[in-house]
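Pasted below: my_file23.csv, CSV, C-alpha atoms and all ligand atoms.
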chain,number,residue,atom,x,y,z
A,24,MET,CA,211.1,222.8,-29.4
A,25,ILE,CA,212.6,219.5,-28.3
A,26,ARG,CA,214.8,221.4,-25.9
A,27,ILE,CA,211.7,223.1,-24.3
A,28,LEU,CA,210.0,219.8,-24.0
A,29,HIS,CA,213.1,218.3,-22.5
A,30,ASN,CA,213.3,221.1,-19.9
A,31,ARG,CA,209.6,220.7,-19.1
A,32,VAL,CA,210.0,216.9,-18.6
A,33,ILE,CA,213.0,217.6,-16.2
A,34,LEU,CA,210.9,220.2,-14.3
A,35,PHE,CA,208.0,217.8,-14.0
A,36,LEU,CA,210.3,215.0,-12.8
A,37,SER,CA,212.0,217.2,-10.2
A,38,ILE,CA,208.6,218.3,-8.8
A,39,LEU,CA,207.5,214.7,-8.7
A,40,MET,CA,210.7,213.7,-6.9
A,41,ALA,CA,210.2,216.5,-4.3
A,42,PHE,CA,206.8,214.9,-3.5
A,43,VAL,CA,207.9,211.3,-3.2
A,44,PRO,CA,209.7,211.5,0.1
A,45,CYS,CA,206.8,213.4,1.5
A,46,VAL,CA,204.2,210.8,0.4
A,47,TYR,CA,206.6,208.1,1.7
A,48,SER,CA,207.1,209.6,5.1
A,49,GLN,CA,203.3,210.1,5.4
A,50,ASN,CA,202.9,206.4,5.0
A,51,VAL,CA,205.5,205.7,7.6
A,52,ASP,CA,203.7,208.0,10.0
A,53,ILE,CA,200.4,206.4,9.4
A,54,LYS,CA,201.9,203.0,10.1
A,55,SER,CA,203.5,203.8,13.4
A,56,GLN,CA,201.3,206.5,14.9
A,57,ASP,CA,197.7,206.1,13.7
A,58,LEU,CA,197.2,202.4,14.1
A,59,PRO,CA,193.5,201.7,14.6
A,60,VAL,CA,192.6,199.8,17.8
A,61,LYS,CA,189.7,198.1,16.0
A,62,TYR,CA,191.0,194.7,14.8
A,63,GLU,CA,188.7,194.8,11.7
A,64,GLU,CA,190.0,198.1,10.6
A,65,LEU,CA,193.7,197.1,10.4
A,66,ASN,CA,195.2,195.9,7.2
A,67,ALA,CA,197.6,192.9,7.3
A,68,ILE,CA,200.8,195.0,7.4
A,69,GLN,CA,199.4,197.2,10.1
A,70,PHE,CA,198.3,194.1,12.0
A,71,ILE,CA,202.0,193.1,12.4
A,72,GLU,CA,202.8,196.5,13.8
A,73,ALA,CA,199.7,196.5,16.1
A,74,VAL,CA,200.6,193.1,17.6
A,75,LYS,CA,204.1,194.6,18.4
A,76,LYS,CA,202.7,197.9,19.7
A,77,SER,CA,200.1,196.2,21.9
A,78,GLY,CA,202.7,193.8,23.5
A,79,GLY,CA,200.7,190.9,22.0
A,80,THR,CA,197.5,191.8,23.7
A,81,CYS,CA,193.9,192.0,22.5
A,82,ILE,CA,190.6,192.7,24.3
A,83,ILE,CA,187.5,190.7,23.5
A,84,PRO,CA,184.6,192.8,24.7
A,85,ILE,CA,181.7,190.4,25.2
A,86,GLY,CA,178.0,191.2,25.2
A,87,ILE,CA,174.7,189.6,24.3
A,88,LEU,CA,171.5,190.2,22.4
A,89,GLU,CA,168.7,190.3,25.0
A,90,LYS,CA,165.8,192.5,26.2
A,91,HIS,CA,166.9,195.5,28.2
A,92,GLY,CA,163.6,196.7,29.7
A,93,PRO,CA,161.2,198.5,27.5
A,94,HIS,CA,163.5,201.4,26.8
A,95,LEU,CA,167.0,200.2,25.9
A,96,PRO,CA,168.3,198.3,22.8
A,97,LEU,CA,168.9,194.6,22.6
A,98,GLY,CA,172.6,195.1,22.2
A,99,THR,CA,173.1,197.4,25.2
A,100,ASP,CA,175.7,195.3,26.9
A,101,LEU,CA,178.0,195.1,24.0
A,102,LEU,CA,177.5,198.7,22.8
A,103,SER,CA,178.4,200.0,26.3
A,104,ILE,CA,181.3,197.6,27.0
A,105,ARG,CA,182.8,198.3,23.6
A,106,GLU,CA,182.7,202.0,24.3
A,107,VAL,CA,184.7,201.4,27.5
A,108,ALA,CA,187.1,199.1,25.7
A,109,LEU,CA,187.7,201.4,22.8
A,110,ARG,CA,188.3,204.4,25.1
A,111,ALA,CA,190.7,202.4,27.3
A,112,ALA,CA,192.6,201.0,24.2
A,113,LYS,CA,193.3,204.6,23.1
A,114,GLU,CA,194.7,205.4,26.5
A,115,GLU,CA,196.9,202.2,26.6
A,116,TYR,CA,197.3,200.8,23.1
A,117,THR,CA,195.8,197.3,22.6
A,118,LEU,CA,193.7,195.6,19.9
A,119,VAL,CA,189.9,195.4,20.3
A,120,PHE,CA,188.2,192.3,18.8
A,121,PRO,CA,185.1,192.9,16.6
A,122,GLN,CA,181.5,192.7,17.9
A,123,TYR,CA,181.1,189.5,20.0
A,124,TYR,CA,177.5,188.7,20.9
A,125,PHE,CA,177.9,185.1,21.9
A,126,GLY,CA,177.4,184.3,25.6
A,127,GLN,CA,175.1,182.7,28.2
A,128,ILE,CA,171.5,184.0,28.0
A,129,TYR,CA,169.0,181.1,28.5
A,130,GLU,CA,167.1,183.1,31.2
A,131,ALA,CA,165.8,185.6,28.6
A,132,GLN,CA,164.7,183.1,26.0
A,133,HIS,CA,161.0,184.0,26.7
A,134,GLN,CA,161.6,187.6,25.7
A,135,PRO,CA,161.6,189.0,22.1
A,136,GLY,CA,165.0,189.4,20.4
A,137,THR,CA,167.1,187.1,22.6
A,138,ILE,CA,169.7,185.0,20.7
A,139,ALA,CA,170.6,182.1,23.0
A,140,TYR,CA,173.2,179.8,21.5
A,141,SER,CA,173.9,176.3,22.9
A,142,HIS,CA,176.6,176.0,25.6
A,143,GLU,CA,178.8,174.0,23.2
A,144,ILE,CA,178.8,176.8,20.7
A,145,ILE,CA,179.5,179.6,23.1
A,146,TRP,CA,182.3,177.5,24.7
A,147,ASN,CA,183.9,176.4,21.4
A,148,LEU,CA,183.6,179.8,19.8
A,149,LEU,CA,185.4,181.5,22.6
A,150,GLN,CA,188.1,178.8,22.9
A,151,GLU,CA,188.8,178.8,19.1
A,152,THR,CA,188.8,182.6,19.1
A,153,CYS,CA,191.5,182.6,21.8
A,154,ALA,CA,193.5,180.0,20.0
A,155,GLU,CA,193.3,181.9,16.7
A,156,LEU,CA,194.4,185.1,18.3
A,157,ALA,CA,197.3,183.2,19.9
A,158,ARG,CA,198.2,181.7,16.5
A,159,ASN,CA,198.5,185.3,15.3
A,160,GLY,CA,200.9,186.3,18.0
A,161,ILE,CA,198.5,187.6,20.6
A,162,LYS,CA,199.5,185.6,23.6
A,163,LYS,CA,197.7,187.7,26.2
A,164,ILE,CA,193.9,187.8,25.7
A,165,ILE,CA,191.9,190.2,27.8
A,166,ILE,CA,188.2,189.3,28.3
A,167,VAL,CA,186.0,192.3,29.1
A,168,ASN,CA,182.5,191.4,29.9
A,169,GLY,CA,179.4,193.6,29.6
A,170,HIS,CA,176.7,191.0,30.4
A,171,GLY,CA,176.0,189.9,34.0
A,172,GLY,CA,174.7,186.5,32.8
A,173,ASN,CA,178.2,185.7,31.5
A,174,ASN,CA,180.1,186.0,34.8
A,175,ASN,CA,179.9,182.4,35.9
A,176,PHE,CA,180.6,181.1,32.4
A,177,LEU,CA,183.6,183.3,31.9
A,178,LYS,CA,185.2,182.5,35.3
A,179,TYR,CA,184.8,178.8,34.6
A,180,PHE,CA,186.2,179.4,31.1
A,181,CYS,CA,189.3,180.9,32.6
A,182,GLN,CA,189.7,178.1,35.0
A,183,ALA,CA,189.3,175.5,32.2
A,184,GLN,CA,192.3,177.0,30.3
A,185,LEU,CA,194.4,174.8,32.6
A,186,GLU,CA,192.8,171.7,31.1
A,187,SER,CA,195.5,171.4,28.4
A,188,LYS,CA,198.7,173.1,27.5
A,189,LYS,CA,198.4,176.6,26.1
A,190,ASP,CA,201.0,179.1,24.8
A,191,TYR,CA,198.8,182.0,25.8
A,192,GLY,CA,197.1,183.5,28.9
A,193,VAL,CA,193.5,184.6,29.3
A,194,TYR,CA,193.0,187.5,31.6
A,195,PHE,CA,189.5,188.3,32.8
A,196,PHE,CA,188.9,192.0,33.7
A,197,LEU,CA,187.3,192.0,37.2
A,198,PRO,CA,187.6,195.5,38.7
A,199,ALA,CA,187.2,195.9,42.4
A,200,LYS,CA,184.6,198.4,43.6
A,201,ASP,CA,185.7,202.0,43.2
A,202,PRO,CA,184.9,203.7,46.6
A,203,GLU,CA,185.2,207.2,45.1
A,204,LEU,CA,182.7,206.3,42.3
A,205,GLU,CA,180.3,204.7,44.8
A,206,GLU,CA,180.4,207.8,46.9
A,207,LYS,CA,179.6,210.1,44.0
A,208,LEU,CA,176.9,207.7,42.7
A,209,LYS,CA,175.2,207.6,46.1
A,210,LYS,CA,174.6,211.4,45.9
A,211,LEU,CA,173.4,211.4,42.3
A,212,ARG,CA,171.2,208.3,42.1
A,213,LYS,CA,167.5,208.4,42.6
A,214,THR,CA,166.9,204.6,42.8
A,215,GLU,CA,168.4,201.8,44.8
A,216,GLY,CA,170.4,198.8,43.5
A,217,ASP,CA,172.1,198.5,40.1
A,218,GLY,CA,169.6,196.5,38.2
A,219,HIS,CA,169.5,195.2,34.6
A,220,ALA,CA,168.4,198.1,32.4
A,221,GLY,CA,168.0,200.2,35.6
A,222,GLU,CA,169.2,203.7,36.4
A,223,VAL,CA,173.0,203.2,36.0
A,224,GLU,CA,172.9,201.0,32.9
A,225,THR,CA,170.4,203.4,31.2
A,226,SER,CA,172.7,206.3,32.2
A,227,GLU,CA,175.7,204.7,30.5
A,228,MET,CA,173.9,204.3,27.3
A,229,MET,CA,172.6,207.8,27.5
A,230,ALA,CA,176.1,209.1,27.8
A,231,HIS,CA,177.4,207.5,24.6
A,232,ARG,CA,174.4,206.6,22.5
A,233,PRO,CA,171.5,208.8,23.6
A,234,ASP,CA,169.8,208.2,20.3
A,235,LEU,CA,169.1,204.6,21.4
A,236,VAL,CA,167.6,205.4,24.8
A,237,ASN,CA,163.9,206.1,25.4
A,238,PRO,CA,163.7,206.9,29.2
A,239,THR,CA,160.1,208.0,29.0
A,240,GLN,CA,159.2,204.4,28.1
A,241,ALA,CA,161.1,203.0,31.1
A,242,LYS,CA,158.0,202.9,33.4
A,243,ILE,CA,155.6,201.1,31.0
A,244,GLN,CA,156.8,197.8,32.5
A,245,SER,CA,157.8,196.9,36.0
A,246,GLY,CA,161.4,196.2,37.1
A,247,GLU,CA,160.2,195.1,40.5
A,248,ASP,CA,161.8,192.1,42.2
A,249,LEU,CA,158.9,189.5,42.6
A,250,ALA,CA,161.0,187.3,45.0
A,251,ARG,CA,159.0,184.3,44.0
A,252,LEU,CA,161.6,181.9,45.5
A,253,LYS,CA,162.0,183.7,48.8
A,254,ASP,CA,161.0,180.6,50.8
A,255,LEU,CA,163.7,178.5,49.3
A,256,LYS,CA,166.7,178.3,51.7
A,257,ASP,CA,170.5,178.2,50.9
A,258,SER,CA,170.0,177.2,47.2
A,259,PHE,CA,171.0,178.2,43.8
A,260,THR,CA,168.7,177.3,40.9
A,261,GLY,CA,168.8,178.2,37.2
A,262,ILE,CA,165.3,179.7,37.4
A,263,TRP,CA,166.4,182.3,40.1
A,264,TRP,CA,166.5,185.3,37.8
A,265,TYR,CA,163.1,184.6,36.1
A,266,ALA,CA,161.7,184.0,39.6
A,267,LYS,CA,162.7,187.6,40.5
A,268,PHE,CA,162.4,189.6,37.3
A,269,PRO,CA,160.2,187.9,34.7
A,270,ASN,CA,160.1,191.2,32.6
A,271,HIS,CA,163.9,190.8,32.2
A,272,TYR,CA,164.1,194.2,33.8
A,273,SER,CA,165.4,195.1,37.2
A,274,GLY,CA,165.1,198.6,38.8
A,275,ASP,CA,163.9,201.7,37.0
A,276,GLY,CA,165.7,203.4,34.1
A,277,SER,CA,163.6,206.5,34.0
A,278,PRO,CA,165.8,208.8,36.2
A,279,ALA,CA,168.9,208.1,34.2
A,280,THR,CA,171.3,211.0,33.5
A,281,VAL,CA,174.3,211.6,31.2
A,282,GLU,CA,176.3,212.7,34.3
A,283,ILE,CA,175.9,209.3,36.0
A,284,GLY,CA,176.7,207.5,32.7
A,285,GLU,CA,179.9,209.5,32.1
A,286,LEU,CA,181.1,209.0,35.7
A,287,VAL,CA,180.7,205.2,35.4
A,288,ILE,CA,182.2,205.0,31.9
A,289,LYS,CA,185.2,207.1,32.9
A,290,SER,CA,185.9,205.0,36.1
A,291,GLN,CA,185.7,201.8,34.0
A,292,VAL,CA,188.0,203.2,31.4
A,293,LYS,CA,190.6,204.2,34.0
A,294,ARG,CA,190.5,200.8,35.6
A,295,LEU,CA,190.7,198.9,32.3
A,296,SER,CA,193.6,201.0,30.9
A,297,GLU,CA,195.5,200.3,34.2
A,298,MET,CA,194.7,196.6,33.8
A,299,ILE,CA,195.9,196.6,30.2
A,300,ARG,CA,199.1,198.2,31.3
A,301,SER,CA,199.6,195.5,34.0
A,302,VAL,CA,198.8,192.7,31.6
A,303,LYS,CA,201.4,194.0,29.1
A,304,ALA,CA,204.0,194.1,31.8
A,305,ASP,CA,203.1,190.7,33.2
A,306,GLN,CA,205.6,187.9,32.6
A,307,LYS,CA,204.4,185.7,35.5
A,308,VAL,CA,201.2,184.2,34.1
A,309,LEU,CA,202.8,182.5,31.1
A,310,GLU,CA,205.9,181.5,33.1
A,311,LEU,CA,203.9,179.9,35.8
A,312,GLN,CA,201.5,178.3,33.3
A,313,ASN,CA,204.5,176.7,31.5
A,314,GLN,CA,205.9,175.4,34.8
A,315,PHE,CA,202.5,174.0,35.7
A,316,PHE,CA,202.0,172.2,32.4
A,317,GLN,CA,205.5,170.8,32.6
A,318,GLU,CA,204.9,169.4,36.1
A,319,SER,CA,201.4,168.2,35.2
A,320,GLU,CA,202.9,165.8,32.6
A,321,ASN,CA,204.6,163.9,35.4
A,322,PRO,CA,203.2,164.7,38.8
A,323,LEU,CA,205.3,162.1,40.6
A,324,LYS,CA,208.3,164.2,39.7
A,325,THR,CA,206.9,167.4,41.1
A,326,ARG,CA,209.0,168.5,44.1
A,327,GLN,CA,207.2,167.7,47.4
A,401,ZN,ZN,172.8,194.8,30.3
Render the structure in this file as structure tokens.
Ligand SMILES: [Zn+2]
Amino acid sequence: MIRILHNRVILFLSILMAFVPCVYSQNVDIKSQDLPVKYEELNAIQFIEAVKKSGGTCIIPIGILEKHGPHLPLGTDLLSIREVALRAAKEEYTLVFPQYYFGQIYEAQHQPGTIAYSHEIIWNLLQETCAELARNGIKKIIIVNGHGGNNNFLKYFCQAQLESKKDYGVYFFLPAKDPELEEKLKKLRKTEGDGHAGEVETSEMMAHRPDLVNPTQAKIQSGEDLARLKDLKDSFTGIWWYAKFPNHYSGDGSPATVEIGELVIKSQVKRLSEMIRSVKADQKVLELQNQFFQESENPLKTRQ
């Protein structure tokens, strides 16, 4: 009896041993091959691996909470730009920072659902987010913006990175126009201009989140340009957008199509994955920044 039991224990142990290497190698595979790109989905061990695999890069896709005509969700900008960032990160591995809705949107404060933080908060939050990423080994931070109202802020934010010494670089994704895409869009589009919540933006959302689009409602408000400051010459004023589009809607989203949306998303994904690749390969930005900060400490010694 004891002998039978003994044999069974040995049999059980040998079956167990046969599985151990298999389970172990599965873990190794998961670690190296199936790393999530979403920052929040990585565990701490995987994070170390992800920083290595990404070449110390991370995208911060930035959006906003604002009205998008009468037919698109408040989070449209972030939903769409995250879709682009996530697809690009799968083509060229990088980390993608969690939902970031904190940007410049004073011009839509009169519309329901807008969350407009103070300029101090949006500045400090982005600066501290970059610094915290850098402290975690991410020395190349890629900002990918989905909200037009952020463009001036983000360019100035990048310029201001030279204010004081940094051990990281901030790279702002600013793709040039894609002539091939423009040609195709010209044939497909039914409206002029690329307005806020207009045909193209509505199409993008239709391509990846059709459940959130209601194109039949797109005409219940007007996206017409009222041009209420047309007599003002050679000026820029903060009220310019409200003067043109008080409904916080520009153009017409009703003729939107999945075809247009996919075209635009695919073009952005291609450009962004190429940009990620070039940022990973780049050694110059940090090298020049270091040289610049060193010279800035004693400008009189800078070679003339
Ligand atoms: Zn938008």
Enumerate residues in contact with ligand ZN 401 (chain A): an atom-to-atom distance of at most 12 Å, counting all atoms listed in the file. Format the result as a PDB file with C-alpha atoms, keeping the file's coordinate frame.
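Produced file result_14.pdb, reproduced below:
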ATOM      1  CA  ILE A  85     181.700 190.400  25.200  1.00  0.00           C
ATOM      2  CA  GLY A  86     178.000 191.200  25.200  1.00  0.00           C
ATOM      3  CA  ILE A  87     174.700 189.600  24.300  1.00  0.00           C
ATOM      4  CA  LEU A  88     171.500 190.200  22.400  1.00  0.00           C
ATOM      5  CA  GLU A  89     168.700 190.300  25.000  1.00  0.00           C
ATOM      6  CA  LYS A  90     165.800 192.500  26.200  1.00  0.00           C
ATOM      7  CA  HIS A  91     166.900 195.500  28.200  1.00  0.00           C
ATOM      8  CA  GLY A  92     163.600 196.700  29.700  1.00  0.00           C
ATOM      9  CA  HIS A  94     163.500 201.400  26.800  1.00  0.00           C
ATOM     10  CA  LEU A  95     167.000 200.200  25.900  1.00  0.00           C
ATOM     11  CA  PRO A  96     168.300 198.300  22.800  1.00  0.00           C
ATOM     12  CA  LEU A  97     168.900 194.600  22.600  1.00  0.00           C
ATOM     13  CA  GLY A  98     172.600 195.100  22.200  1.00  0.00           C
ATOM     14  CA  THR A  99     173.100 197.400  25.200  1.00  0.00           C
ATOM     15  CA  ASP A 100     175.700 195.300  26.900  1.00  0.00           C
ATOM     16  CA  LEU A 101     178.000 195.100  24.000  1.00  0.00           C
ATOM     17  CA  LEU A 102     177.500 198.700  22.800  1.00  0.00           C
ATOM     18  CA  SER A 103     178.400 200.000  26.300  1.00  0.00           C
ATOM     19  CA  ILE A 104     181.300 197.600  27.000  1.00  0.00           C
ATOM     20  CA  ILE A 128     171.500 184.000  28.000  1.00  0.00           C
ATOM     21  CA  ALA A 131     165.800 185.600  28.600  1.00  0.00           C
ATOM     22  CA  ASN A 168     182.500 191.400  29.900  1.00  0.00           C
ATOM     23  CA  GLY A 169     179.400 193.600  29.600  1.00  0.00           C
ATOM     24  CA  HIS A 170     176.700 191.000  30.400  1.00  0.00           C
ATOM     25  CA  GLY A 171     176.000 189.900  34.000  1.00  0.00           C
ATOM     26  CA  GLY A 172     174.700 186.500  32.800  1.00  0.00           C
ATOM     27  CA  ASN A 173     178.200 185.700  31.500  1.00  0.00           C
ATOM     28  CA  ASP A 217     172.100 198.500  40.100  1.00  0.00           C
ATOM     29  CA  GLY A 218     169.600 196.500  38.200  1.00  0.00           C
ATOM     30  CA  HIS A 219     169.500 195.200  34.600  1.00  0.00           C
ATOM     31  CA  ALA A 220     168.400 198.100  32.400  1.00  0.00           C
ATOM     32  CA  GLY A 221     168.000 200.200  35.600  1.00  0.00           C
ATOM     33  CA  GLU A 222     169.200 203.700  36.400  1.00  0.00           C
ATOM     34  CA  VAL A 223     173.000 203.200  36.000  1.00  0.00           C
ATOM     35  CA  GLU A 224     172.900 201.000  32.900  1.00  0.00           C
ATOM     36  CA  THR A 225     170.400 203.400  31.200  1.00  0.00           C
ATOM     37  CA  SER A 226     172.700 206.300  32.200  1.00  0.00           C
ATOM     38  CA  GLU A 227     175.700 204.700  30.500  1.00  0.00           C
ATOM     39  CA  MET A 228     173.900 204.300  27.300  1.00  0.00           C
ATOM     40  CA  HIS A 271     163.900 190.800  32.200  1.00  0.00           C
ATOM     41  CA  TYR A 272     164.100 194.200  33.800  1.00  0.00           C
ATOM     42  CA  SER A 273     165.400 195.100  37.200  1.00  0.00           C
ATOM     43  CA  GLY A 276     165.700 203.400  34.100  1.00  0.00           C
TER      44      GLY A 276
END
Please report as JSON lines every residue of stretch 159-206 of chain A lying within 7 Å of stretch 289-311 of chain A, along with the nearest atom pair and their distance in Å (one decimal), using all atoms listed in the file.
{"residue": "A:Tyr191", "atom": "CA", "partner": "A:Leu309", "partner_atom": "CA", "distance": 6.7}
{"residue": "A:Gly192", "atom": "CA", "partner": "A:Leu309", "partner_atom": "CA", "distance": 6.2}
{"residue": "A:Pro198", "atom": "CA", "partner": "A:Arg294", "partner_atom": "CA", "distance": 6.8}
Can I get the selected residues back with C-alpha atoms, as a short mmCIF file (atom, residue, chain, number, x, y, z; two decimals), keeping the file's coordinate frame?
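New file part02.cif:
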data_model
loop_
_atom_site.label_atom_id
_atom_site.label_comp_id
_atom_site.auth_asym_id
_atom_site.auth_seq_id
_atom_site.Cartn_x
_atom_site.Cartn_y
_atom_site.Cartn_z
CA TYR A 191 198.80 182.00 25.80
CA GLY A 192 197.10 183.50 28.90
CA PRO A 198 187.60 195.50 38.70
#
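Counting only C-alpha atoms, A:Lys189 has the following residues at most 9 Å away, ignoring those fewer than 4 positions along the same chain: A:Ala154, A:Gln184, A:Leu185, A:Leu309, A:Gln312, A:Asn313, A:Phe316.
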Problem set entry | Coordinates-based distance that separates atom CA of A:Glu63 from atom CA of A:Pro121 (Å, one decimal) | 6.4 Å
For this session: Place a sphere of radius 9 Å on (176.3, 207.7, 27.5) in the file coordinates and name every protein, DNA or RNA residue with an atom inside or on its surface, counting only C-alpha atoms; give the answer as number ranges by chain.
Result: A: 103, 225-233, 280-285, 288
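Atom CA of A:Asn147 to atom CA of A:Ala112 spans 26.2 Å [interatomic distance, one decimal].
For the atom pair formed by atom CA of A:Leu109 and atom CA of A:Leu177, the distance is 20.7 Å, given to one decimal.
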For this session: Excluding A:Gln240 and any residue of its chain fewer than 2 positions from it, enumerate the residues within 8 Å of it, using only C-alpha atoms, and give them as a ChimeraX atom specification.
Result: /A:93-94,237-238,242-243,277
Write out as a tab-separated table (two decimals) with C-alpha atoms, in the coordinates of the input which residues come within 9 Å of A:Val193 when counting all atoms listed in the file, dropping same-chain ones fewer than 4 positions away.
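Ended up saving to selection10.tsv:
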chain	number	residue	atom	x	y	z
A	153	CYS	CA	191.50	182.60	21.80
A	162	LYS	CA	199.50	185.60	23.60
A	163	LYS	CA	197.70	187.70	26.20
A	164	ILE	CA	193.90	187.80	25.70
A	165	ILE	CA	191.90	190.20	27.80
A	166	ILE	CA	188.20	189.30	28.30
A	181	CYS	CA	189.30	180.90	32.60
A	184	GLN	CA	192.30	177.00	30.30
For this session: Show which residues sit within 10 Å of A:Glu130, as a PyMOL selection string. Count all atoms listed in the file, and ignore same-chain residues fewer than 4 positions away.
Result: chain A and resi 89+134+137+139+172+261-265+269+271
Filtering to C-alpha atoms, could you give me those residues as a PDB file, keeping the file's coordinate frame?
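Output below, filename selection_26.pdb:
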ATOM      1  CA  GLU A  89     168.700 190.300  25.000  1.00  0.00           C
ATOM      2  CA  GLN A 134     161.600 187.600  25.700  1.00  0.00           C
ATOM      3  CA  THR A 137     167.100 187.100  22.600  1.00  0.00           C
ATOM      4  CA  ALA A 139     170.600 182.100  23.000  1.00  0.00           C
ATOM      5  CA  GLY A 172     174.700 186.500  32.800  1.00  0.00           C
ATOM      6  CA  GLY A 261     168.800 178.200  37.200  1.00  0.00           C
ATOM      7  CA  ILE A 262     165.300 179.700  37.400  1.00  0.00           C
ATOM      8  CA  TRP A 263     166.400 182.300  40.100  1.00  0.00           C
ATOM      9  CA  TRP A 264     166.500 185.300  37.800  1.00  0.00           C
ATOM     10  CA  TYR A 265     163.100 184.600  36.100  1.00  0.00           C
ATOM     11  CA  PRO A 269     160.200 187.900  34.700  1.00  0.00           C
ATOM     12  CA  HIS A 271     163.900 190.800  32.200  1.00  0.00           C
TER      13      HIS A 271
END
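Using all atoms listed in the file, the nearest neighbour of A:Glu155 within the list A:Ala250, A:Leu255, A:Cys81, A:Val60 is A:Cys81.
Closest to A:Ser319 among A:Thr152, A:Leu65, A:Lys188, A:Leu252 is A:Lys188, based on only C-alpha atoms.
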Exercise. Pick the closest to A:Phe70 from A:His142, A:Gly160, A:Leu149, A:Glu106: which is it, counting all atoms listed in the file?
Worked result: A:Gly160
